[in-house]
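A quick write-up on the structure given underneath.
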Amino acid sequence: MGRERLAALHGVATSYAPAPGRSVAVSEDAVVAVLAALGVDASTPRSVQEALEAREQADALRLLPATVVLRPSRPGLPALPDGTLLRVETEDGRSVAWQGPTRDPAGARDAVRAGRVPDATDFSGGLPYGRHLLRAQAPDGRSAGASLIVAPERLPEPPERCHGFLVQLYSLLSARSWGMGDLGDLAELAAWAGRTYGSDFVQVNPLHAAVPGTHGAPTDPSPYRPSSRRFPDPVHLRVEDVAEYAHLTGAARERAGRLLAEAAALRDGVLRGGALIDRDAVWALKRRVLELVRAVPLGPGRQAAHDAFLAGQGPALEDHATWCALAEVHGTDWRGWPGGLGDPRSAATARAREELHDRVGFHRWLAWLTDEQLAAAQRTAREAGMRVGLVHDLAVGVHPSGADAWAQQDAFAAGMSIGAPPDAFNARGQDWGLPPWRPDALEAGGYGPYRDLLRGLLRHAGALRIDHVMGLFRLWWVPEGREPTLGTYVRYDPEAMLGVLALEAHRANATVVGEDLGTVEPGVRDALAERGVLGTSVLWFERDWGREPAEPLEPARWRTSCLATATTHDLPSTASRLTGDHVELRHRLGLLGRPLADERREDAREVAEWLALFGRLGLLPEGADEETAVRAVHRYLLLTPARMIGVWLPDTVGDRRPQNLPGTWDQYPNWRLPVADAEGRPLSLEELVASPRLHALMEEVRAVRSP
């Protein structure tokens with residue numbers, strides 16, 4: 001009982017419910033290992049007792065928690081002794097005596113009920129929205145400081161009704177691409193979609209910086225296992241759009257021209273020669289040209305912009321650029337670096353940073369260029385009439401050997417990995433190989449790493465998709481070297497996680513879409529909807545699960561607060577789903593869990609149920625072909641009340657191949673395929689926008705846009 005109580009105090013589960021009415025006990029070893037990762041020794045009865053006593057003593061002496069969150073419907077502070085004096089240092093530099101939050105903030109509550117964002121001073125006792133420092137002095141001599149987060153009740157909402165495209169940027173090659181889609185292609189797509197079809201957004205895959213390949217090992221192409229979520233990857237740069245490129249002269253210009261010709265060959269190999277997208281080959285060419293471009297002096301205005309960016313990013317960018325420079329010398333796994341370089345604050349790292357000054361500067365410069373082109377893409381989208389613009393994607397974690405894990409070691413749980421427990425789809429559970437954030441470290445630091453991450457991603461975005469949004473509430477931790485079944489859930493403070501999210505989204509005036517597919521803890525979807533976080537609804541999963549058999553859900557019964565779509569990057573394309581091609585693909589790769597005939601029969605039954613519903617609704621004539629059926633799927637989505645309708649760009653041209661096939665590694669070319677037509681022929685951006693099939697579909701989808 002003592003260990004269970006200790007675990008509960010630290011948010012560590014000793015059991016979990018994989019399904020309603022069923023409870024599974026967590027192994028004692030897992031609880032001990034997870035508590036150890038949180039700095040708590042629970043290995044023996046004596047250590048458990050000592051840890052409990054230490055926690056109880058700390059709680060008794062504590063005047064304030066490390067972080068306090070205020071919002072209109074929850075404006076209260078923790079109970080404080082009578083006569084406690086409060087002072088707040090606001091984030092804009094003021095120091096004020098504070099009487100505490102407004103006791104009865106009726107005006108703020110009325111504003112929330114009316115769908116308005118109340119003035120923060122209406123409920124906070126005169127403080128603005130933001131992250132402040134609260135200091136308390138009790139009459140008994142105790143004093144404390146805490147981060148004080150004053151947050152809106154709800155996040156900004158999207159336009160009342162809108163549509164847009166979902167695309168994996170690397171897969172979108174144009175006549176100007178260097179072998180994979182880039183930020184120039186993104187801007188072109190946004191400008192065309194906004195002006196031609198009134199689209200309001202383009203959602204892309206995470207553009208986070210990847211762990212680069214070294215010593216013959218290729219870069220992991222998955223955008224969901226990044227080195228850093230704080231900075232984008234410069235592989236997405238359109239090199240010719242860098243201002244200084246135009247000023248190359250002499251031998252440098254000739255060399256750049258030869259490299260540009262190599263890039264064209266790389267692009268043509270993907271679009272015409274059947275080659276896969278080769279991220280490393282693309283970056284090798286871009287890096288060589290960018291090295292030439294960097295030798296061109298910046299003009300005074302450009303230099304000022306560069307310096308302002310560096311000053312604004314501060315130590316975070318310095319750390320990121322230092323990791324990149326050190327990785328060029330010592331390899332990409334900092335855990336094996338020599339002589340103290342594994343510690344970003346060591347004297348050895350400081351010396352190495354100075355010795356590698358030029359390379360550190362190069363990587364800082366790349367971050368600035370990428371930020372500039374992201375800004376240009378969002379600006380282009382808005383100028384084309386998009387009311388949202390770019391929707392960036394936040395991966396659930398980072399690679400353990402990458403830049404963020406190195407620079408923010410105190411914030412991550414060493415020896416732990418994020419994953420998922422066993423469920424109906426995966427009896428062995430999942431281990432994603434990504435270290436989790438420590439909830440205690442986040443609270444102690446006022447959620448600084450999380451806040452800065454959100455602020456950076458929202459810098460040039462109209463909305464943000466959060467992968468596995470359930471992770472704001474809890475994550476499945478798997479101790480290193482153990483099976484995923486031998487993990488447990490660790491809780492985060494959703495009031496703080498959602499409060500910081502609401503604050504940063506409010507500042508950026510950005511909508512947030514949570515990916516809430518799969519097993520979701522009861523109450524989580526309601527809590528997210530209450531705060532204004534949209535969910536994700538994929539057509540094939542929307543059934544009446546309260547009935548047996550679970551029939552396809554009528555469109556009027558869909559939730560309003562969601563992004564509705566036919567598929568995602570991890571699922572079969574709509575054409576593949578309709579034809580059953582995805583079953584055949586999984587069979588060829590040995591991924592089926594039962595006989596092929598059974599899989600075919602079950603898949604055909606599910607598709608037939610949906611087609612029958614489309615027919616009853618007058619969306620699909622009898623004997624319709626596959627292209628017409630794809631349009632019927634999207635006509636159905638338009639009948640739902642969903643606020644956002646997402647069109648998977650490959651669906652517009654009948655692409656049958658998934659971009660990612662979960663459960664595979666090298667058996668399938670995950671994250672390396674260009675968008676292709678129904679015959680598997682890769683299409684350039686120019687060919688895409690000229691496709692009659694695309695235009696026939698989008699002529700129907702465009703009707704969804706509200707004024």
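Here, A, B, ... name the chains of the structure tokens in the order displayed, residue numbers run from 1 inside each chain, and ligands are numbered from 1 in the same displayed order.
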Would you mind listing, for every residue of region 155-238 of chain A within 12 Å of region 422-444 of chain A, the two atoms forming the shortest contact and the distance between them in Å to one decimal, using only C-alpha atoms, sorted by chain and ascending residue number, as a Markdown table?
```
| residue | atom | partner | partner_atom | distance |
| --- | --- | --- | --- | --- |
| A:Ser222 | CA | A:Trp432 | CA | 11.7 |
| A:Tyr224 | CA | A:Leu434 | CA | 9.6 |
| A:Arg225 | CA | A:Leu434 | CA | 7.3 |
| A:Pro226 | CA | A:Leu434 | CA | 9.4 |
| A:Ser227 | CA | A:Leu434 | CA | 10.3 |
| A:Ser228 | CA | A:Leu434 | CA | 11.7 |
```
Hey, what's within 12 Å of region 26-36 of chain A if we count only C-alpha atoms and toss same-chain stuff fewer than 2 positions away? As a PyMOL selection string, please?
chain A and resi 1+3-18+23-24+38-45+47-48+51+413-418+421+436+438-440+475-491
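Using only C-alpha atoms, the smallest distance between any of A:Gln99, A:Ile645, A:Gly361, A:Ala407 and Thr349 (chain A) comes from A:Ala407.
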If you count only C-alpha atoms, which residues fall within 7 Å of region 553-562 of chain A, apart from same-chain ones fewer than 4 positions away, as a short mmCIF file (atom, residue, chain, number, x, y, z; two decimals) with C-alpha atoms, in the first residue's frame?
```
data_model
loop_
_atom_site.label_atom_id
_atom_site.label_comp_id
_atom_site.auth_asym_id
_atom_site.auth_seq_id
_atom_site.Cartn_x
_atom_site.Cartn_y
_atom_site.Cartn_z
CA ALA A 529 -13.67 20.36 -26.27
CA LEU A 534 -10.70 20.54 -31.88
CA GLY A 535 -10.58 16.78 -32.29
CA THR A 536 -9.82 14.66 -35.37
CA SER A 537 -12.58 12.57 -36.95
CA GLU A 542 -16.97 7.19 -37.10
CA ARG A 543 -19.48 4.51 -36.17
CA ASP A 544 -22.21 4.20 -33.55
CA TYR A 636 -20.52 13.00 -47.01
CA LEU A 639 -22.83 17.02 -44.65
CA THR A 640 -21.28 16.78 -41.21
CA PRO A 641 -21.21 19.82 -38.90
CA ALA A 642 -17.39 19.65 -38.63
CA ARG A 643 -15.75 23.07 -38.41
CA MET A 644 -12.81 22.04 -40.60
#
```
Select from region 310-469 of chain A everything DSSP, run on the backbone, classes as strand (DSSP E or B), then give the selection as an mmCIF file with N, CA and C atoms, in the first residue's frame.
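Contents of result_22.cif, freshly written:
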```
data_model
loop_
_atom_site.group_PDB
_atom_site.id
_atom_site.type_symbol
_atom_site.label_atom_id
_atom_site.label_comp_id
_atom_site.auth_asym_id
_atom_site.auth_seq_id
_atom_site.Cartn_x
_atom_site.Cartn_y
_atom_site.Cartn_z
ATOM 1 N N GLY A 389 -4.369 29.532 -42.923
ATOM 2 C CA GLY A 389 -3.011 29.458 -43.472
ATOM 3 C C GLY A 389 -2.368 28.133 -43.140
ATOM 4 N N LEU A 390 -1.141 28.176 -42.689
ATOM 5 C CA LEU A 390 -0.396 26.946 -42.406
ATOM 6 C C LEU A 390 -0.853 26.322 -41.090
ATOM 7 N N VAL A 391 -1.016 25.012 -41.109
ATOM 8 C CA VAL A 391 -1.272 24.238 -39.895
ATOM 9 C C VAL A 391 -0.047 23.370 -39.662
ATOM 10 N N HIS A 392 0.734 23.724 -38.651
ATOM 11 C CA HIS A 392 1.937 22.943 -38.349
ATOM 12 C C HIS A 392 1.572 21.765 -37.458
ATOM 13 N N ASP A 393 2.453 20.805 -37.385
ATOM 14 C CA ASP A 393 2.213 19.549 -36.675
ATOM 15 C C ASP A 393 3.280 19.386 -35.597
ATOM 16 N N LEU A 394 2.841 19.133 -34.374
ATOM 17 C CA LEU A 394 3.749 18.924 -33.250
ATOM 18 C C LEU A 394 3.856 17.440 -32.953
ATOM 19 N N PHE A 412 13.752 15.839 -19.366
ATOM 20 C CA PHE A 412 13.370 14.529 -19.878
ATOM 21 C C PHE A 412 13.676 13.435 -18.864
ATOM 22 N N MET A 416 13.661 6.209 -20.005
ATOM 23 C CA MET A 416 12.247 5.953 -20.262
ATOM 24 C C MET A 416 11.913 6.267 -21.717
ATOM 25 N N SER A 417 10.872 5.618 -22.217
ATOM 26 C CA SER A 417 10.411 5.861 -23.575
ATOM 27 C C SER A 417 8.887 5.946 -23.582
ATOM 28 N N ILE A 418 8.350 6.795 -24.454
ATOM 29 C CA ILE A 418 6.904 6.900 -24.626
ATOM 30 C C ILE A 418 6.432 5.736 -25.499
ATOM 31 N N GLY A 419 5.248 5.255 -25.217
ATOM 32 C CA GLY A 419 4.666 4.197 -26.038
ATOM 33 C C GLY A 419 3.181 4.069 -25.788
ATOM 34 N N ALA A 420 2.667 2.869 -25.910
ATOM 35 C CA ALA A 420 1.247 2.605 -25.703
ATOM 36 C C ALA A 420 1.096 1.210 -25.112
ATOM 37 N N GLN A 430 3.266 -0.804 -27.624
ATOM 38 C CA GLN A 430 4.161 -0.069 -28.519
ATOM 39 C C GLN A 430 5.219 0.694 -27.725
ATOM 40 N N ASP A 431 6.416 0.757 -28.277
ATOM 41 C CA ASP A 431 7.509 1.558 -27.732
ATOM 42 C C ASP A 431 7.988 2.472 -28.847
ATOM 43 N N TRP A 432 7.783 3.776 -28.692
ATOM 44 C CA TRP A 432 8.091 4.728 -29.759
ATOM 45 C C TRP A 432 9.522 5.256 -29.695
ATOM 46 N N GLY A 433 10.262 4.880 -28.670
ATOM 47 C CA GLY A 433 11.670 5.267 -28.604
ATOM 48 C C GLY A 433 11.901 6.750 -28.370
ATOM 49 N N LEU A 434 10.952 7.424 -27.719
ATOM 50 C CA LEU A 434 11.049 8.866 -27.483
ATOM 51 C C LEU A 434 10.992 9.138 -25.988
ATOM 52 N N TRP A 437 8.775 13.920 -21.295
ATOM 53 C CA TRP A 437 9.015 15.007 -20.363
ATOM 54 C C TRP A 437 8.688 14.559 -18.941
ATOM 55 N N ALA A 463 -2.709 27.624 -37.272
ATOM 56 C CA ALA A 463 -3.232 26.550 -36.426
ATOM 57 C C ALA A 463 -2.107 25.557 -36.162
ATOM 58 N N LEU A 464 -2.339 24.729 -35.156
ATOM 59 C CA LEU A 464 -1.361 23.717 -34.766
ATOM 60 C C LEU A 464 -2.085 22.397 -34.546
ATOM 61 N N ARG A 465 -1.578 21.346 -35.170
ATOM 62 C CA ARG A 465 -2.044 19.994 -34.874
ATOM 63 C C ARG A 465 -1.119 19.399 -33.823
ATOM 64 N N ILE A 466 -1.695 18.779 -32.805
ATOM 65 C CA ILE A 466 -0.897 18.131 -31.764
ATOM 66 C C ILE A 466 -1.071 16.625 -31.892
#
```
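In this comparison, which uses only C-alpha atoms, the residue of A:Ser174, A:Gln409, A:Thr565, A:Thr652 approaching Gly342 (chain A) most closely is A:Gln409.
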Neighbouring residues of Val211 (chain A) were defined as those with any atom within 8 Å, considering only C-alpha atoms; residues of the same chain fewer than 6 positions away were excluded. Please report them as a ChimeraX atom specification.
/A:219-220,226-227,332,399,401-402
Residues near Leu685 (chain A), anyone? I mean within 12 Å using only C-alpha atoms, not counting same-chain ones fewer than 5 positions away, as a PyMOL selection string.
chain A and resi 167+169-177+180-182+184-190+192-193+271+649-650+653+674-677+690-691+694
Mind checking which residues fall within 6 Å of region 318-330 of chain A, counting only C-alpha atoms, ignoring those fewer than 6 positions away in the same chain, and posting them as a ChimeraX atom specification?
/A:359-360,363-364,403
Using the selection just defined, write its residues with all heavy atoms as a PDB file, in the first residue's frame.
```
ATOM      1  N   ARG A 359      31.071  26.899 -37.428  1.00  0.00           N
ATOM      2  CA  ARG A 359      30.014  25.921 -37.699  1.00  0.00           C
ATOM      3  C   ARG A 359      28.762  26.220 -36.872  1.00  0.00           C
ATOM      4  O   ARG A 359      27.638  26.056 -37.351  1.00  0.00           O
ATOM      5  CB  ARG A 359      30.499  24.496 -37.403  1.00  0.00           C
ATOM      6  CG  ARG A 359      31.663  24.044 -38.254  1.00  0.00           C
ATOM      7  CD  ARG A 359      31.403  24.246 -39.732  1.00  0.00           C
ATOM      8  NE  ARG A 359      30.255  23.485 -40.218  1.00  0.00           N
ATOM      9  CZ  ARG A 359      29.703  23.671 -41.411  1.00  0.00           C
ATOM     10  NH1 ARG A 359      30.163  24.614 -42.227  1.00  0.00           N
ATOM     11  NH2 ARG A 359      28.667  22.933 -41.793  1.00  0.00           N
ATOM     12  N   VAL A 360      28.957  26.653 -35.649  1.00  0.00           N
ATOM     13  CA  VAL A 360      27.801  27.058 -34.829  1.00  0.00           C
ATOM     14  C   VAL A 360      27.079  28.220 -35.508  1.00  0.00           C
ATOM     15  O   VAL A 360      25.852  28.242 -35.613  1.00  0.00           O
ATOM     16  CB  VAL A 360      28.247  27.439 -33.401  1.00  0.00           C
ATOM     17  CG1 VAL A 360      27.088  28.044 -32.606  1.00  0.00           C
ATOM     18  CG2 VAL A 360      28.808  26.219 -32.671  1.00  0.00           C
ATOM     19  N   HIS A 363      24.924  27.046 -38.466  1.00  0.00           N
ATOM     20  CA  HIS A 363      23.642  26.437 -38.108  1.00  0.00           C
ATOM     21  C   HIS A 363      22.671  27.474 -37.537  1.00  0.00           C
ATOM     22  O   HIS A 363      21.451  27.332 -37.735  1.00  0.00           O
ATOM     23  CB  HIS A 363      23.866  25.269 -37.150  1.00  0.00           C
ATOM     24  CG  HIS A 363      24.540  24.098 -37.811  1.00  0.00           C
ATOM     25  ND1 HIS A 363      23.885  23.293 -38.712  1.00  0.00           N
ATOM     26  CD2 HIS A 363      25.819  23.624 -37.734  1.00  0.00           C
ATOM     27  CE1 HIS A 363      24.722  22.353 -39.150  1.00  0.00           C
ATOM     28  NE2 HIS A 363      25.896  22.541 -38.571  1.00  0.00           N
ATOM     29  N   ARG A 364      23.178  28.487 -36.872  1.00  0.00           N
ATOM     30  CA  ARG A 364      22.290  29.589 -36.460  1.00  0.00           C
ATOM     31  C   ARG A 364      21.719  30.288 -37.688  1.00  0.00           C
ATOM     32  O   ARG A 364      20.533  30.633 -37.738  1.00  0.00           O
ATOM     33  CB  ARG A 364      23.051  30.596 -35.603  1.00  0.00           C
ATOM     34  CG  ARG A 364      23.384  30.138 -34.207  1.00  0.00           C
ATOM     35  CD  ARG A 364      23.845  31.310 -33.358  1.00  0.00           C
ATOM     36  NE  ARG A 364      24.980  32.013 -33.952  1.00  0.00           N
ATOM     37  CZ  ARG A 364      26.193  32.093 -33.408  1.00  0.00           C
ATOM     38  NH1 ARG A 364      26.438  31.490 -32.262  1.00  0.00           N
ATOM     39  NH2 ARG A 364      27.157  32.755 -34.001  1.00  0.00           N
ATOM     40  N   ALA A 403      19.140  16.923 -30.442  1.00  0.00           N
ATOM     41  CA  ALA A 403      19.513  18.214 -29.872  1.00  0.00           C
ATOM     42  C   ALA A 403      18.690  18.587 -28.658  1.00  0.00           C
ATOM     43  O   ALA A 403      19.221  19.096 -27.660  1.00  0.00           O
ATOM     44  CB  ALA A 403      19.393  19.303 -30.950  1.00  0.00           C
TER      45      ALA A 403
END
```
For region 248-264 of chain A, please output as a PyMOL selection string all residues within 8 Å (counting only C-alpha atoms; exclusion window: fewer than 2 positions along the same chain).
chain A and resi 176-179+244-246+266-268+282+285+289+292-293+296
Would you output that residue set with all heavy atoms, as a compact mmCIF listing (two decimals), in the first residue's frame?
```txt
# COMPACT_ATOMS: atom_id res chain seq x y z
N ARG A 176 10.64 23.03 -59.51
CA ARG A 176 11.78 23.73 -58.90
C ARG A 176 12.32 23.02 -57.66
O ARG A 176 13.24 23.52 -57.02
CB ARG A 176 11.36 25.16 -58.53
CG ARG A 176 11.01 26.03 -59.74
CD ARG A 176 10.64 27.45 -59.31
NE ARG A 176 11.73 28.11 -58.62
CZ ARG A 176 11.61 29.27 -57.96
NH1 ARG A 176 10.43 29.87 -57.90
NH2 ARG A 176 12.65 29.81 -57.37
N SER A 177 11.74 21.88 -57.32
CA SER A 177 12.19 21.16 -56.13
C SER A 177 13.56 20.52 -56.34
O SER A 177 13.94 20.22 -57.47
CB SER A 177 11.19 20.06 -55.76
OG SER A 177 9.92 20.58 -55.50
N TRP A 178 14.26 20.26 -55.24
CA TRP A 178 15.55 19.59 -55.28
C TRP A 178 15.41 18.14 -54.82
O TRP A 178 16.12 17.68 -53.95
CB TRP A 178 16.54 20.32 -54.38
CG TRP A 178 17.02 21.64 -54.89
CD1 TRP A 178 16.29 22.57 -55.56
CD2 TRP A 178 18.33 22.17 -54.77
NE1 TRP A 178 17.05 23.66 -55.85
CE2 TRP A 178 18.34 23.45 -55.37
CE3 TRP A 178 19.53 21.71 -54.20
CZ2 TRP A 178 19.46 24.25 -55.43
CZ3 TRP A 178 20.65 22.51 -54.24
CH2 TRP A 178 20.62 23.77 -54.87
N GLY A 179 14.45 17.42 -55.36
CA GLY A 179 14.31 16.02 -54.99
C GLY A 179 13.32 15.75 -53.89
O GLY A 179 13.02 14.59 -53.58
N GLU A 244 20.70 36.12 -50.77
CA GLU A 244 22.12 36.20 -51.14
C GLU A 244 22.48 35.27 -52.30
O GLU A 244 23.55 35.41 -52.91
CB GLU A 244 23.00 35.92 -49.92
CG GLU A 244 23.03 37.03 -48.88
CD GLU A 244 21.72 37.18 -48.14
OE1 GLU A 244 21.04 36.15 -47.88
OE2 GLU A 244 21.33 38.33 -47.82
N TYR A 245 21.62 34.29 -52.59
CA TYR A 245 21.90 33.37 -53.70
C TYR A 245 22.07 34.15 -55.01
O TYR A 245 22.94 33.82 -55.83
CB TYR A 245 20.77 32.35 -53.83
CG TYR A 245 20.95 31.37 -54.97
CD1 TYR A 245 21.69 30.21 -54.80
CD2 TYR A 245 20.38 31.60 -56.22
CE1 TYR A 245 21.86 29.30 -55.84
CE2 TYR A 245 20.54 30.71 -57.26
CZ TYR A 245 21.29 29.56 -57.07
OH TYR A 245 21.46 28.67 -58.10
N ALA A 246 21.26 35.18 -55.19
CA ALA A 246 21.32 35.96 -56.43
C ALA A 246 22.64 36.71 -56.58
O ALA A 246 22.98 37.16 -57.68
CB ALA A 246 20.16 36.95 -56.47
N LEU A 266 18.16 14.77 -59.54
CA LEU A 266 17.57 14.10 -58.37
C LEU A 266 16.05 14.19 -58.42
O LEU A 266 15.34 13.20 -58.20
CB LEU A 266 18.11 14.78 -57.10
CG LEU A 266 18.11 13.99 -55.79
CD1 LEU A 266 18.93 12.72 -55.91
CD2 LEU A 266 18.67 14.88 -54.68
N ARG A 267 15.54 15.38 -58.73
CA ARG A 267 14.10 15.60 -58.84
C ARG A 267 13.50 14.73 -59.95
O ARG A 267 12.48 14.06 -59.76
CB ARG A 267 13.82 17.06 -59.12
CG ARG A 267 12.35 17.38 -59.37
CD ARG A 267 12.17 18.81 -59.83
NE ARG A 267 12.80 19.04 -61.12
CZ ARG A 267 13.76 19.94 -61.34
NH1 ARG A 267 14.21 20.70 -60.37
NH2 ARG A 267 14.27 20.09 -62.56
N ASP A 268 14.16 14.73 -61.11
CA ASP A 268 13.64 13.96 -62.24
C ASP A 268 13.66 12.46 -61.96
O ASP A 268 12.81 11.71 -62.44
CB ASP A 268 14.45 14.27 -63.50
CG ASP A 268 14.24 15.70 -63.99
OD1 ASP A 268 13.25 16.33 -63.54
OD2 ASP A 268 15.06 16.18 -64.79
N VAL A 282 19.36 15.07 -51.02
CA VAL A 282 18.87 16.45 -51.18
C VAL A 282 19.67 17.39 -50.28
O VAL A 282 20.14 18.44 -50.72
CB VAL A 282 17.37 16.53 -50.85
CG1 VAL A 282 16.90 17.98 -50.80
CG2 VAL A 282 16.55 15.74 -51.86
N LEU A 285 23.32 18.22 -51.36
CA LEU A 285 23.42 19.26 -52.40
C LEU A 285 23.10 20.64 -51.84
O LEU A 285 23.81 21.62 -52.12
CB LEU A 285 22.47 18.92 -53.55
CG LEU A 285 22.83 17.71 -54.40
CD1 LEU A 285 21.72 17.42 -55.41
CD2 LEU A 285 24.15 17.92 -55.13
N VAL A 289 25.59 24.15 -51.58
CA VAL A 289 25.26 25.46 -52.15
C VAL A 289 25.13 26.51 -51.04
O VAL A 289 25.59 27.65 -51.19
CB VAL A 289 23.96 25.39 -52.98
CG1 VAL A 289 23.58 26.77 -53.50
CG2 VAL A 289 24.14 24.42 -54.14
N LEU A 292 28.29 28.01 -50.04
CA LEU A 292 28.72 29.06 -50.97
C LEU A 292 27.96 30.36 -50.70
O LEU A 292 28.54 31.45 -50.69
CB LEU A 292 28.47 28.62 -52.41
CG LEU A 292 29.22 27.37 -52.90
CD1 LEU A 292 28.73 26.97 -54.28
CD2 LEU A 292 30.73 27.62 -52.92
N VAL A 293 26.66 30.25 -50.47
CA VAL A 293 25.83 31.44 -50.26
C VAL A 293 26.24 32.16 -48.99
O VAL A 293 26.21 33.40 -48.92
CB VAL A 293 24.34 31.04 -50.21
CG1 VAL A 293 23.47 32.23 -49.82
CG2 VAL A 293 23.90 30.48 -51.55
N VAL A 296 28.56 35.12 -49.03
CA VAL A 296 28.09 36.42 -49.52
C VAL A 296 27.72 37.29 -48.32
O VAL A 296 26.88 36.90 -47.52
CB VAL A 296 26.88 36.25 -50.45
CG1 VAL A 296 26.37 37.62 -50.91
CG2 VAL A 296 27.23 35.38 -51.64
```
Expected answer as a PyMOL selection string: helix (DSSP H, G or I) residues in region 148-365 of chain A:
chain A and resi 169-171+183-197+234-236+239-241+243-247+250-272+279-294+300-330+334-336+347-355+357-365
